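Below is one structure; the comments refer to it alone.
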Amino acid sequence: MTRTSRSFRIAATATATVAALGLLATACGGDDGGSAAASDGKPVTLTYWTWTLGAKSTVDAFNKTHKDIQVKLTEIPSGTEGYSKMSNAVKGGNAPDVATIEYQMVPEFASQGNLIDLTKYAGETVKSKFPDAVQSLVTFGGRTWTVPYDVAPQLYYYRTDLFKKYGIDVPKTWADFKTAAAEVKKQDKNVRLASMPKSDSALLAALAWQAGGKWFTTEGDAWKPAVNDAPSKKVAAYWDGLIKDGLVQSYTAYSPEETKARTSGKTLSFLGASWSAGGLKTAMPDLSGKWAAAPLPNWGTPATGNYGGTSYGVLKGSEHAEQAAEFIKWLTTDKAGVEARLADLESPSSAVPADPAMREVAAAKFDTAYLNGQDLYKLASEQVDAIVPGWTWGPNQLDVYTAVQDATAKSGFAGGIEAGQRKAESGITERGLKLAK
């Protein structure tokens, strides 16, 4: 489970500079939430919103071992729907104490005032437990906004039995991928190598990241969006071409139709991340031993993007920030917390902890039987080192994602990134931030 120095460059610029973030250097990020305790002597009850696998087992384990704090779990949708729900809850004054916040959403949620400043509650934990590059995903403006949980290098998942049936090799490059896709279609007009959803802007961003794209950069105190930069256009054209030629499907991400196609053998592989392995066992239990993971196909040089990756924050309005931070610390840096997340047999997690000390704990606990004994954590850790450095998340990421998704549905990925660029530019101006000329 060793990592080279390149691992620590994952997000050297993954969050904006203090100057460009602007509002983060002020007191916009919500009050500190206080640390109110129950006045009747009963345990403090925290509300916790997440979509992540393994959440139930972690909450159950925490509640069994902590007398003064109890946690109530609510599962919410992932993606834009989940973040909209959180934002609306803050506005309505009924937000949860703790919520999962993916790294790409931390700058936006902090700058909008949706997060409580966790510096005094978790700042030291973040400094002492996580590599600098991971710290930079959650700490800016001189403050700690969330606590990291995992990193999420992209991986390629494929049906070993069906690859053998169709006589195709695991593609190493995107050129290989296209060749294999054509071969599968040639052999069976009802089967495709993979599906590229038009509804998953995060996947498109990760693929652009792998190709060398940089959707946002900063110049001094100004933002420079480039959602439609050359690498992103290359990625968009590639997938638009495959879809136009009928070489891949385009099911809605995480839909019953997408799962059915994989289960029935109509889709032979998919583009995922380290966390995807946990969901395979839940979604397709009868296919144990028939799936394997490999590095994502590349453009000629081994590389990958970061597809998601989560942290935990305390939302504005919480009256129990101190207790929430205690729960978060247990989730992210405690052996029992990491083991509990992986112990959920109904919804097992395969997340790769951002805390290096927890990686071997996770690897030892993860059940490799479904992947026919493959060491997923070894592969994922190697791919962490292949994540292209230099990516920056923008201050209006949710709106950009929505614009990309809506336009892609109508005019393909090329239209999606153009719409994303327009929304990035207008959103920066609307938020009172500087737009680079």
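Naming scheme: A, B, ... for chains in displayed order of the structure tokens; residues 1 onward per chain; ligands 1 onward as shown.
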
Near-Leu376 (chain A) list (12 Å; only C-alpha atoms; drop same-chain fewer than 5 positions) as a ChimeraX atom specification | /A:1,153,155-157,273-278,291-295,349-352,359-360,362-371,381-383

Check region 307-406 of chain A with DSSP on the backbone and list each residue it calls strand (DSSP E), as a PyMOL selection string.
-> chain A and resi 310-314+352-353

With region 296-305 of chain A as the partner and 10 Å as the cut-off, tabulate the residues of region 70-181 of chain A that qualify, each row holding the nearest pair of atoms and their distance in Å to one decimal, using only C-alpha atoms, sorted by chain and rising number, as CSV.
```
residue,atom,partner,partner_atom,distance
A:Ala152,CA,A:Gly305,CA,8.3
A:Pro153,CA,A:Gly305,CA,5.9
A:Gln154,CA,A:Gly305,CA,5.8
A:Leu155,CA,A:Leu296,CA,4.9
A:Tyr156,CA,A:Leu296,CA,4.8
A:Tyr157,CA,A:Leu296,CA,8.6
A:Val170,CA,A:Pro297,CA,8.7
A:Pro171,CA,A:Pro297,CA,6.0
A:Lys172,CA,A:Pro297,CA,4.6
A:Thr173,CA,A:Pro297,CA,4.3
A:Trp174,CA,A:Pro297,CA,5.4
A:Ala175,CA,A:Trp299,CA,7.8
A:Asp176,CA,A:Pro297,CA,8.0
A:Phe177,CA,A:Pro297,CA,7.1
```

With 12 Å as the cut-off and only C-alpha atoms counted, what is the closest atom pair between each nearby residue of region 105-140 of chain A and region 407-431 of chain A? Distances in Å to one decimal, ordered by chain and number, as JSON lines.
```
{"residue": "A:Glu108", "atom": "CA", "partner": "A:Arg431", "partner_atom": "CA", "distance": 10.4}
{"residue": "A:Ser111", "atom": "CA", "partner": "A:Arg431", "partner_atom": "CA", "distance": 9.4}
{"residue": "A:Gln112", "atom": "CA", "partner": "A:Arg431", "partner_atom": "CA", "distance": 9.1}
```

How would you write, as a VMD selection string, the set of residues in region 32-181 of chain A that DSSP gives as alpha helix (DSSP H)?
-> chain A and resid 55 to 65 79 to 92 106 to 111 119 to 129 132 to 138 160 to 166 174 to 181

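The residue that comes closest to Trp145 (chain A), out of A:Val106, A:Leu271, A:Leu46, A:Ala180 and on the basis of only C-alpha atoms, is A:Val106.
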
Shell around Leu287 (chain A) at 12 Å using only C-alpha atoms, local window under 2 positions removed, as a list in words = Tyr158, Arg159, Thr160, Asp161, Leu162, Arg262, Thr263, Ser264, Gly265, Leu280, Lys281, Thr282, Ala283, Met284, Pro285, Gly289, Lys290, Trp291, Ala292, Ala369, Tyr370, Leu371 and Asn372 of chain A

Give me the residues of region 112-213 of chain A that have any atom at most 9 Å from an atom of region 332-342 of chain A; for each, the nearest atom pair and the distance in Å, rounded to one decimal. Use only C-alpha atoms, sort by chain and number, and format it as a tab-separated table.
```
residue	atom	partner	partner_atom	distance
A:Thr125	CA	A:Thr333	CA	8.6
A:Lys129	CA	A:Thr333	CA	7.4
A:Val147	CA	A:Thr332	CA	7.6
A:Pro148	CA	A:Thr332	CA	7.0
A:Tyr149	CA	A:Thr332	CA	5.2
A:Asp150	CA	A:Thr332	CA	8.4
```

Can I get the selection written as a tab-separated table (two decimals), in the first residue's frame, with C-alpha atoms?
```
chain	number	residue	atom	x	y	z
A	125	THR	CA	-7.08	16.51	12.77
A	129	LYS	CA	-3.81	12.97	9.58
A	147	VAL	CA	-12.76	16.55	6.80
A	148	PRO	CA	-11.55	14.21	4.01
A	149	TYR	CA	-12.66	10.61	3.83
A	150	ASP	CA	-11.51	9.06	0.55
```

Please identify all polymer residues within 7 Å of region 181-187 of chain A, counting only C-alpha atoms, omitting same-chain residues fewer than 6 positions from it, and present them as a ChimeraX atom specification.
-> /A:166,193,247-248

Produce a table with one row for each residue of region 245-350 of chain A that has an atom at most 9 Å from any atom of region 94-97 of chain A, each row naming the nearest atom pair and its distance in Å at one decimal; use only C-alpha atoms; arrange rows by chain and rising residue number; format as JSON lines.
```
{"residue": "A:Gly313", "atom": "CA", "partner": "A:Asp97", "partner_atom": "CA", "distance": 8.2}
{"residue": "A:Val314", "atom": "CA", "partner": "A:Asp97", "partner_atom": "CA", "distance": 5.3}
{"residue": "A:Leu315", "atom": "CA", "partner": "A:Asp97", "partner_atom": "CA", "distance": 5.7}
{"residue": "A:Lys316", "atom": "CA", "partner": "A:Ala95", "partner_atom": "CA", "distance": 7.2}
{"residue": "A:Gly317", "atom": "CA", "partner": "A:Ala95", "partner_atom": "CA", "distance": 6.6}
{"residue": "A:Ser318", "atom": "CA", "partner": "A:Asp97", "partner_atom": "CA", "distance": 5.0}
{"residue": "A:Glu319", "atom": "CA", "partner": "A:Asp97", "partner_atom": "CA", "distance": 7.7}
{"residue": "A:His320", "atom": "CA", "partner": "A:Asp97", "partner_atom": "CA", "distance": 7.0}
{"residue": "A:Ala321", "atom": "CA", "partner": "A:Asp97", "partner_atom": "CA", "distance": 7.3}
{"residue": "A:Ala324", "atom": "CA", "partner": "A:Asp97", "partner_atom": "CA", "distance": 6.5}
```

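Straight-line separation from CA of Thr74 (chain A) to CA of Ser255 (chain A): 20.9 Å.
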
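Our summary of the geometry notes that CA of Ser250 (chain A) is positioned 28.3 Å from CA of Gly54 (chain A).
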
For Pro197 (chain A), list every protein, DNA or RNA residue within 7 Å, evaluated using only C-alpha atoms, and leave out those in the same chain fewer than 4 positions away; present the list as a list in words.
-> Ser250, Tyr251, Thr252 and Ala253 of chain A
